[in-house]
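Asker: Next comes query.cif, mmCIF, C-alpha atoms:
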data_work
#
loop_
_atom_site.label_atom_id
_atom_site.label_comp_id
_atom_site.auth_asym_id
_atom_site.auth_seq_id
_atom_site.Cartn_x
_atom_site.Cartn_y
_atom_site.Cartn_z
CA MET A 1 -15.30 -179.38 -220.31
CA LEU A 2 -15.82 -182.84 -221.85
CA THR A 3 -18.46 -181.40 -224.20
CA ALA A 4 -16.00 -178.78 -225.45
CA LEU A 5 -13.34 -181.42 -225.99
CA SER A 6 -15.75 -183.62 -227.97
CA TRP A 7 -16.71 -180.62 -230.09
CA ALA A 8 -13.03 -179.85 -230.78
CA LEU A 9 -12.34 -183.46 -231.80
CA GLY A 10 -15.21 -183.25 -234.25
CA ILE A 11 -13.72 -180.14 -235.82
CA ALA A 12 -10.30 -181.79 -236.11
CA ALA A 13 -11.74 -184.81 -237.88
CA ALA A 14 -13.56 -182.61 -240.38
CA GLY A 15 -11.05 -179.82 -240.98
CA GLY A 16 -7.58 -181.32 -241.27
CA LEU A 17 -4.39 -179.48 -240.20
CA GLY A 18 -5.99 -176.13 -239.32
CA ALA A 19 -8.50 -177.83 -237.14
CA ALA A 20 -5.75 -179.90 -235.52
CA ILE A 21 -3.94 -176.69 -234.56
CA THR A 22 -7.17 -175.33 -233.11
CA LEU A 23 -7.62 -178.58 -231.18
CA ALA A 24 -4.12 -178.34 -229.75
CA ALA A 25 -4.76 -174.78 -228.60
CA LEU A 26 -8.08 -175.73 -227.05
CA THR A 27 -6.54 -178.72 -225.29
CA LYS A 28 -3.77 -176.54 -223.89
CA GLY A 29 -6.30 -174.03 -222.66
CA LEU A 30 -8.40 -176.75 -221.08
CA ARG A 31 -5.37 -178.15 -219.27
CA ARG A 32 -4.53 -174.73 -217.92
CA ALA A 33 -8.10 -174.21 -216.75
CA LEU A 34 -8.12 -177.64 -215.09
CA ALA A 35 -4.82 -176.93 -213.35
CA ALA A 36 -6.10 -173.55 -212.14
CA SER A 37 -9.30 -175.16 -210.89
CA ARG A 38 -7.33 -177.79 -208.97
CA ALA A 39 -5.10 -175.10 -207.46
CA GLU A 40 -8.15 -173.13 -206.32
CA THR A 41 -9.68 -176.27 -204.78
CA VAL A 42 -6.47 -177.05 -202.89
CA ALA A 43 -6.19 -173.44 -201.70
CA ALA A 44 -9.83 -173.46 -200.51
CA GLN A 45 -9.34 -176.75 -198.65
CA GLU A 46 -6.18 -175.43 -197.03
CA GLY A 47 -8.00 -172.25 -196.02
CA GLU A 48 -10.81 -174.28 -194.44
CA ARG A 49 -8.32 -176.48 -192.59
CA GLN A 50 -6.44 -173.44 -191.28
CA ALA A 51 -9.67 -171.73 -190.19
CA ARG A 52 -10.79 -174.89 -188.40
CA GLU A 53 -7.46 -175.22 -186.59
CA ASP A 54 -7.54 -171.53 -185.62
CA ALA A 55 -11.08 -171.90 -184.24
CA GLU A 56 -10.12 -175.00 -182.25
CA ARG A 57 -7.02 -173.26 -180.90
CA THR A 58 -9.12 -170.25 -179.89
CA ASN A 59 -11.64 -172.48 -178.11
CA ARG A 60 -8.89 -174.30 -176.23
CA THR A 61 -7.26 -171.04 -175.19
CA ARG A 62 -10.57 -169.59 -174.08
CA ALA A 63 -11.45 -172.71 -172.11
CA GLN A 64 -8.05 -172.71 -170.40
CA PHE A 65 -8.40 -169.05 -169.48
CA LEU A 66 -11.91 -169.54 -168.11
CA GLY A 67 -10.75 -172.54 -166.12
CA MET A 68 -7.85 -170.61 -164.62
CA VAL A 69 -10.03 -167.63 -163.68
CA SER A 70 -12.72 -169.91 -162.24
CA HIS A 71 -10.22 -171.72 -160.03
CA GLU A 72 -9.04 -168.35 -158.71
CA LEU A 73 -12.65 -167.36 -157.98
CA ARG A 74 -13.76 -170.63 -156.42
CA THR A 75 -11.87 -170.35 -153.09
CA PRO A 76 -13.03 -166.82 -152.14
CA MET A 77 -16.52 -167.69 -153.38
CA MET A 78 -16.70 -170.75 -151.13
CA THR A 79 -15.37 -168.68 -148.22
CA LEU A 80 -18.07 -166.07 -148.83
CA GLN A 81 -20.79 -168.71 -148.89
CA LEU A 82 -19.56 -170.38 -145.70
CA GLN A 83 -19.30 -167.07 -143.85
CA PHE A 84 -22.78 -166.08 -144.97
CA GLU A 85 -24.19 -169.41 -143.74
CA ARG A 86 -22.60 -168.74 -140.34
CA LEU A 87 -24.20 -165.29 -140.32
CA GLU A 88 -27.60 -166.77 -141.16
CA ARG A 89 -27.33 -169.28 -138.31
CA ALA A 90 -26.31 -166.56 -135.87
CA LEU A 91 -29.18 -164.28 -136.91
CA GLY A 92 -31.60 -167.19 -136.83
CA ALA A 93 -31.11 -167.37 -133.08
CA ARG A 94 -32.71 -163.94 -132.58
CA GLU A 95 -35.68 -162.08 -133.93
CA THR A 96 -34.80 -160.29 -137.18
CA PRO A 97 -36.91 -157.55 -138.80
CA GLU A 98 -38.61 -158.55 -142.06
CA HIS A 99 -36.69 -156.05 -144.22
CA GLU A 100 -33.40 -157.44 -142.91
CA ARG A 101 -34.52 -160.98 -143.73
CA GLN A 102 -35.33 -159.83 -147.27
CA ILE A 103 -31.86 -158.33 -147.62
CA LEU A 104 -30.31 -161.57 -146.37
CA GLY A 105 -32.43 -163.52 -148.86
CA ARG A 106 -31.19 -161.41 -151.77
CA ILE A 107 -27.57 -161.81 -150.64
CA SER A 108 -28.08 -165.57 -150.37
CA LEU A 109 -29.48 -165.77 -153.90
CA SER A 110 -26.66 -163.65 -155.30
CA THR A 111 -23.89 -165.70 -153.67
CA ARG A 112 -25.54 -168.91 -154.83
CA ARG A 113 -25.80 -167.57 -158.37
CA LEU A 114 -22.13 -166.55 -158.35
CA GLY A 115 -21.23 -170.03 -157.16
CA GLU A 116 -23.24 -171.55 -160.03
CA VAL A 117 -21.45 -169.30 -162.55
CA VAL A 118 -18.06 -170.41 -161.25
CA GLU A 119 -19.06 -174.09 -161.38
CA SER A 120 -20.41 -173.66 -164.92
CA LEU A 121 -17.14 -172.12 -166.07
CA LEU A 122 -15.14 -174.93 -164.46
CA SER A 123 -17.38 -177.55 -166.05
CA TYR A 124 -17.09 -175.96 -169.50
CA SER A 125 -13.31 -175.77 -169.17
CA ALA A 126 -13.11 -179.43 -168.08
CA ILE A 127 -15.28 -180.59 -171.00
CA GLN A 128 -13.31 -178.61 -173.60
CA SER A 129 -9.96 -179.85 -172.28
CA GLY A 130 -11.09 -183.48 -172.01
CA ARG A 131 -10.69 -183.52 -168.23
CA MET A 132 -14.34 -184.23 -167.44
CA LYS A 133 -14.35 -187.48 -165.45
CA MET A 134 -17.33 -189.81 -165.19
CA ILE A 135 -18.27 -192.21 -162.41
CA HIS A 136 -21.28 -194.37 -163.32
CA GLU A 137 -23.52 -195.37 -160.42
CA ARG A 138 -27.02 -196.76 -160.03
CA PHE A 139 -29.24 -194.34 -158.11
CA ASP A 140 -32.82 -193.21 -157.77
CA PRO A 141 -33.20 -189.86 -159.58
CA GLY A 142 -36.39 -188.98 -157.68
CA PRO A 143 -34.77 -187.65 -154.48
CA VAL A 144 -32.13 -185.83 -156.55
CA ILE A 145 -34.80 -184.09 -158.64
CA GLU A 146 -36.80 -183.22 -155.51
CA ALA A 147 -33.74 -181.73 -153.80
CA ILE A 148 -32.80 -179.62 -156.85
CA VAL A 149 -36.34 -178.30 -157.30
CA GLU A 150 -36.44 -177.35 -153.62
CA GLU A 151 -33.06 -175.67 -153.95
CA MET A 152 -34.21 -173.66 -156.99
CA HIS A 153 -37.51 -172.64 -155.42
CA PRO A 154 -36.28 -169.27 -154.01
CA GLN A 155 -34.94 -168.15 -157.40
CA ALA A 156 -38.20 -169.07 -159.13
CA GLU A 157 -40.27 -167.48 -156.37
CA GLN A 158 -38.31 -164.24 -156.68
CA LYS A 159 -39.63 -163.92 -160.26
CA GLY A 160 -43.14 -164.97 -159.29
CA LEU A 161 -42.79 -168.35 -161.01
CA VAL A 162 -44.18 -171.68 -159.86
CA ILE A 163 -41.65 -174.50 -159.96
CA ARG A 164 -42.88 -178.03 -159.36
CA ASN A 165 -41.66 -181.58 -159.44
CA VAL A 166 -44.11 -183.96 -161.14
CA ALA A 167 -41.67 -186.84 -161.48
CA GLY A 168 -43.62 -189.11 -159.14
CA ASP A 169 -42.23 -192.57 -158.45
CA SER A 170 -39.00 -193.28 -160.32
CA GLU A 171 -36.76 -196.24 -161.02
CA GLU A 172 -33.01 -196.38 -160.68
CA ILE A 173 -30.84 -195.16 -163.52
CA GLU A 174 -27.17 -195.79 -164.19
CA THR A 175 -25.17 -192.67 -164.97
CA ASP A 176 -22.89 -190.15 -163.26
CA PRO A 177 -24.95 -188.57 -160.42
CA ARG A 178 -22.82 -185.41 -160.33
CA LEU A 179 -23.22 -184.80 -164.07
CA PHE A 180 -26.91 -185.71 -163.86
CA ARG A 181 -27.32 -182.96 -161.27
CA LEU A 182 -25.28 -180.49 -163.35
CA ILE A 183 -27.51 -181.07 -166.39
CA LEU A 184 -30.70 -180.58 -164.39
CA VAL A 185 -29.44 -177.46 -162.58
CA ASN A 186 -28.43 -175.80 -165.86
CA LEU A 187 -31.74 -176.62 -167.53
CA ILE A 188 -33.76 -175.24 -164.62
CA LEU A 189 -31.62 -172.10 -164.36
CA ASN A 190 -32.08 -171.55 -168.09
CA ALA A 191 -35.85 -171.90 -167.70
CA ILE A 192 -35.95 -169.47 -164.77
CA LYS A 193 -33.91 -166.90 -166.67
CA PHE A 194 -36.12 -166.80 -169.76
CA THR A 195 -39.56 -167.41 -168.23
CA GLN A 196 -41.32 -164.24 -167.10
CA THR A 197 -44.67 -165.64 -165.96
CA GLY A 198 -46.14 -169.06 -165.35
CA PHE A 199 -44.33 -172.23 -164.37
CA ILE A 200 -41.34 -174.52 -164.60
CA GLU A 201 -42.03 -178.22 -164.39
CA VAL A 202 -39.63 -181.14 -163.94
CA SER A 203 -40.77 -184.65 -164.83
CA ALA A 204 -39.22 -188.09 -165.18
CA LEU A 205 -40.47 -191.05 -167.18
CA ARG A 206 -39.26 -194.60 -167.72
CA LEU A 207 -39.05 -195.45 -171.42
CA GLY A 208 -38.33 -198.72 -173.15
CA ARG A 209 -34.94 -197.44 -174.27
CA GLY A 210 -34.05 -195.45 -171.17
CA HIS A 211 -35.12 -192.83 -168.65
CA ALA A 212 -36.34 -189.42 -169.79
CA VAL A 213 -36.04 -186.33 -167.61
CA THR A 214 -37.82 -183.21 -168.90
CA VAL A 215 -37.68 -179.56 -167.86
CA ARG A 216 -40.70 -177.71 -169.28
CA ASP A 217 -41.43 -173.98 -169.02
CA SER A 218 -44.04 -171.44 -170.05
CA GLY A 219 -41.43 -169.10 -171.53
CA PRO A 220 -41.39 -167.30 -174.90
CA GLY A 221 -40.42 -170.36 -176.94
CA ILE A 222 -37.52 -170.71 -179.37
CA PRO A 223 -37.77 -170.09 -183.14
CA GLU A 224 -36.98 -173.18 -185.17
CA SER A 225 -34.22 -171.32 -187.02
CA GLU A 226 -32.40 -170.66 -183.71
CA ARG A 227 -32.68 -174.08 -182.08
CA ALA A 228 -29.26 -175.32 -183.16
CA ARG A 229 -27.44 -172.07 -182.35
CA ILE A 230 -28.58 -171.85 -178.71
CA PHE A 231 -26.42 -174.88 -177.86
CA GLU A 232 -23.25 -173.19 -179.11
CA PRO A 233 -20.98 -171.56 -176.49
CA PHE A 234 -21.62 -167.89 -175.66
CA GLU A 235 -24.63 -167.75 -177.99
CA GLN A 236 -28.05 -166.34 -177.12
CA ILE A 237 -31.03 -165.41 -179.25
CA GLU A 238 -30.75 -161.64 -179.65
CA PRO A 239 -34.38 -160.64 -178.84
CA LEU A 240 -34.27 -162.78 -175.70
CA ARG A 241 -30.82 -161.52 -174.79
CA THR A 242 -32.06 -157.93 -175.01
CA LYS A 243 -35.34 -158.53 -173.18
CA HIS A 244 -34.24 -160.93 -170.46
CA ALA A 245 -31.37 -161.18 -168.01
CA ARG A 246 -28.02 -161.47 -169.71
CA GLY A 247 -25.84 -164.48 -169.10
CA MET A 248 -22.72 -166.16 -170.43
CA GLY A 249 -24.58 -168.39 -172.85
CA LEU A 250 -22.89 -171.54 -171.52
CA GLY A 251 -25.72 -173.35 -169.74
CA LEU A 252 -27.15 -175.20 -172.74
CA THR A 253 -23.66 -175.82 -174.15
CA ILE A 254 -22.76 -177.60 -170.92
CA VAL A 255 -26.00 -179.60 -171.04
CA ARG A 256 -25.36 -180.68 -174.64
CA ASP A 257 -21.71 -181.62 -174.06
CA ILE A 258 -22.41 -183.55 -170.85
CA ALA A 259 -25.25 -185.41 -172.58
CA ILE A 260 -22.84 -186.43 -175.35
CA THR A 261 -20.24 -187.49 -172.75
CA LEU A 262 -22.82 -189.64 -170.94
CA GLY A 263 -24.17 -191.17 -174.16
CA ALA A 264 -27.53 -189.53 -173.49
CA THR A 265 -29.87 -187.95 -176.05
CA LEU A 266 -30.95 -184.31 -175.85
CA GLN A 267 -34.30 -183.30 -177.36
CA LEU A 268 -35.92 -179.87 -177.65
CA ASP A 269 -39.60 -179.17 -178.27
CA SER A 270 -40.73 -175.56 -178.38
CA ASP A 271 -43.71 -173.47 -179.44
CA LEU A 272 -43.45 -169.70 -179.77
CA GLY A 273 -45.55 -167.98 -177.14
CA VAL A 274 -46.21 -171.26 -175.34
CA GLY A 275 -42.91 -172.50 -173.94
CA SER A 276 -40.12 -175.03 -174.32
CA ALA A 277 -39.33 -178.54 -173.12
CA PHE A 278 -35.80 -179.90 -172.88
CA THR A 279 -35.62 -183.68 -172.48
CA ILE A 280 -32.56 -185.79 -171.66
CA ILE A 281 -32.91 -189.51 -172.36
CA PHE A 282 -30.42 -191.60 -170.39
CA PRO A 283 -29.87 -195.05 -171.94
CA ASN A 284 -30.49 -198.18 -169.91
CA ASP A 285 -27.72 -200.22 -168.29
CA GLN A 286 -24.67 -198.14 -169.16
CA ALA A 287 -21.35 -199.75 -168.58
CA PRO A 288 -18.86 -197.76 -166.50
#
So that I can check it, write out the structure of this file as structure tokens.

Answerer:
Amino acid sequence: MLTALSWALGIAAAGGLGAAITLAALTKGLRRALAASRAETVAAQEGERQAREDAERTNRTRAQFLGMVSHELRTPMMTLQLQFERLERALGARETPEHERQILGRISLSTRRLGEVVESLLSYSAIQSGRMKMIHERFDPGPVIEAIVEEMHPQAEQKGLVIRNVAGDSEEIETDPRLFRLILVNLILNAIKFTQTGFIEVSALRLGRGHAVTVRDSGPGIPESERARIFEPFEQIEPLRTKHARGMGLGLTIVRDIAITLGATLQLDSDLGVGSAFTIIFPNDQAP
């Protein structure tokens, strides 16, 4: 636009009145074009703002709905789990045929999985609405990791997977123990879901800048082009979604959002055909 204006000024200087008229017409046209360009820019910015507000409103509405439904499901789900535990204790007092024990084991896994789904929905809703509360405490992550791995062992065993804790001796960390557990549970469940053969390994390491906890698997790996998208809510890589068990696509979203809330760092390393490793680095000496 400036080049055209300079060219027109040159014509005006060389050509007198006729050129001056041409310059005036060009200037008018340039002003109109500039005004139209500004109007288009404003309209585009307004469209982007409106789209962003609509997306945020949709996310809030969805989170509120999921939270409401989850609260309605939680009470009967807890009742079902408690009643099943009573049944297990009663049957444990007598000899039970092997096929009946297998049936009970499958029921136990299913009720536990349903409970995890409900808790995941409640956690997602709390994060999205800003109601996620944190309580920082100093604790040894070793026993927590050991307990979670033991708890997840039946689900891994059902798929023929080996799950092991290689954390070894650990030092105390300062973070929210409930959210620490929620991160680890979601990472392990994600690994179990997408790993067909091999292992899942949980490790912990003290670093100079914090404590790293890693969940590694021998799954299919994640293409580099998809590594950002898998952390978005309700997103799954299509080939994996088709081949493996379907889910809500919230587990890694919850992990990412809790990590941000805790001031932790989330890292992903993955090789196609080899497996993936999700690492959470908790900073040292967090203030409550």

Asker: Using the file's own x, y and z axes, what box holds all listed atoms of stretch 194-201 of chain A with 3 Å on each side, keeping edges along x, y and z, and what are its centre and edge lengths in Å to one decimal, as AutoDock Vina command-line options?

Answerer:
--center_x -41.1 --center_y -171.2 --center_z -167.1 --size_x 16.0 --size_y 20.0 --size_z 11.4

Asker: So what does the PyMOL selection byres ((chain A and resi 195) around 12) actually pick up in this one, as an MDAnalysis selection string?

Answerer: chainID A and resid 155:157 159:163 188:194 196:201 216:222 240 243:245 273:276

Asker: (-28.8, -169.1, -142.5) in this file's frame - what residues fall within 12 Å of it? Use all atoms listed in the file and give the answer as a short mmCIF file (atom, residue, chain, number, x, y, z; two decimals) with C-alpha atoms, in the coordinates of the input.

Answerer:
data_model
loop_
_atom_site.label_atom_id
_atom_site.label_comp_id
_atom_site.auth_asym_id
_atom_site.auth_seq_id
_atom_site.Cartn_x
_atom_site.Cartn_y
_atom_site.Cartn_z
CA GLN A 81 -20.79 -168.71 -148.89
CA LEU A 82 -19.56 -170.38 -145.70
CA GLN A 83 -19.30 -167.07 -143.85
CA PHE A 84 -22.78 -166.08 -144.97
CA GLU A 85 -24.19 -169.41 -143.74
CA ARG A 86 -22.60 -168.74 -140.34
CA LEU A 87 -24.20 -165.29 -140.32
CA GLU A 88 -27.60 -166.77 -141.16
CA ARG A 89 -27.33 -169.28 -138.31
CA ALA A 90 -26.31 -166.56 -135.87
CA LEU A 91 -29.18 -164.28 -136.91
CA GLY A 92 -31.60 -167.19 -136.83
CA ALA A 93 -31.11 -167.37 -133.08
CA ARG A 94 -32.71 -163.94 -132.58
CA THR A 96 -34.80 -160.29 -137.18
CA ARG A 101 -34.52 -160.98 -143.73
CA LEU A 104 -30.31 -161.57 -146.37
CA GLY A 105 -32.43 -163.52 -148.86
CA ILE A 107 -27.57 -161.81 -150.64
CA SER A 108 -28.08 -165.57 -150.37
CA LEU A 109 -29.48 -165.77 -153.90
#

Asker: Suppose you want the space between atom CA of A:Gly47 and atom CA of A:Ser129; what is it in Å?

Answerer: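 Those two atoms sit 25.0 Å apart.
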
Asker: Between A:Leu250, A:Leu179, A:Ala39, A:Ile148, which residue has the minimum interatomic distance to A:Lys133, considering all atoms listed in the file?

Answerer: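 So, comparing all the options, the nearest one is A:Leu179.
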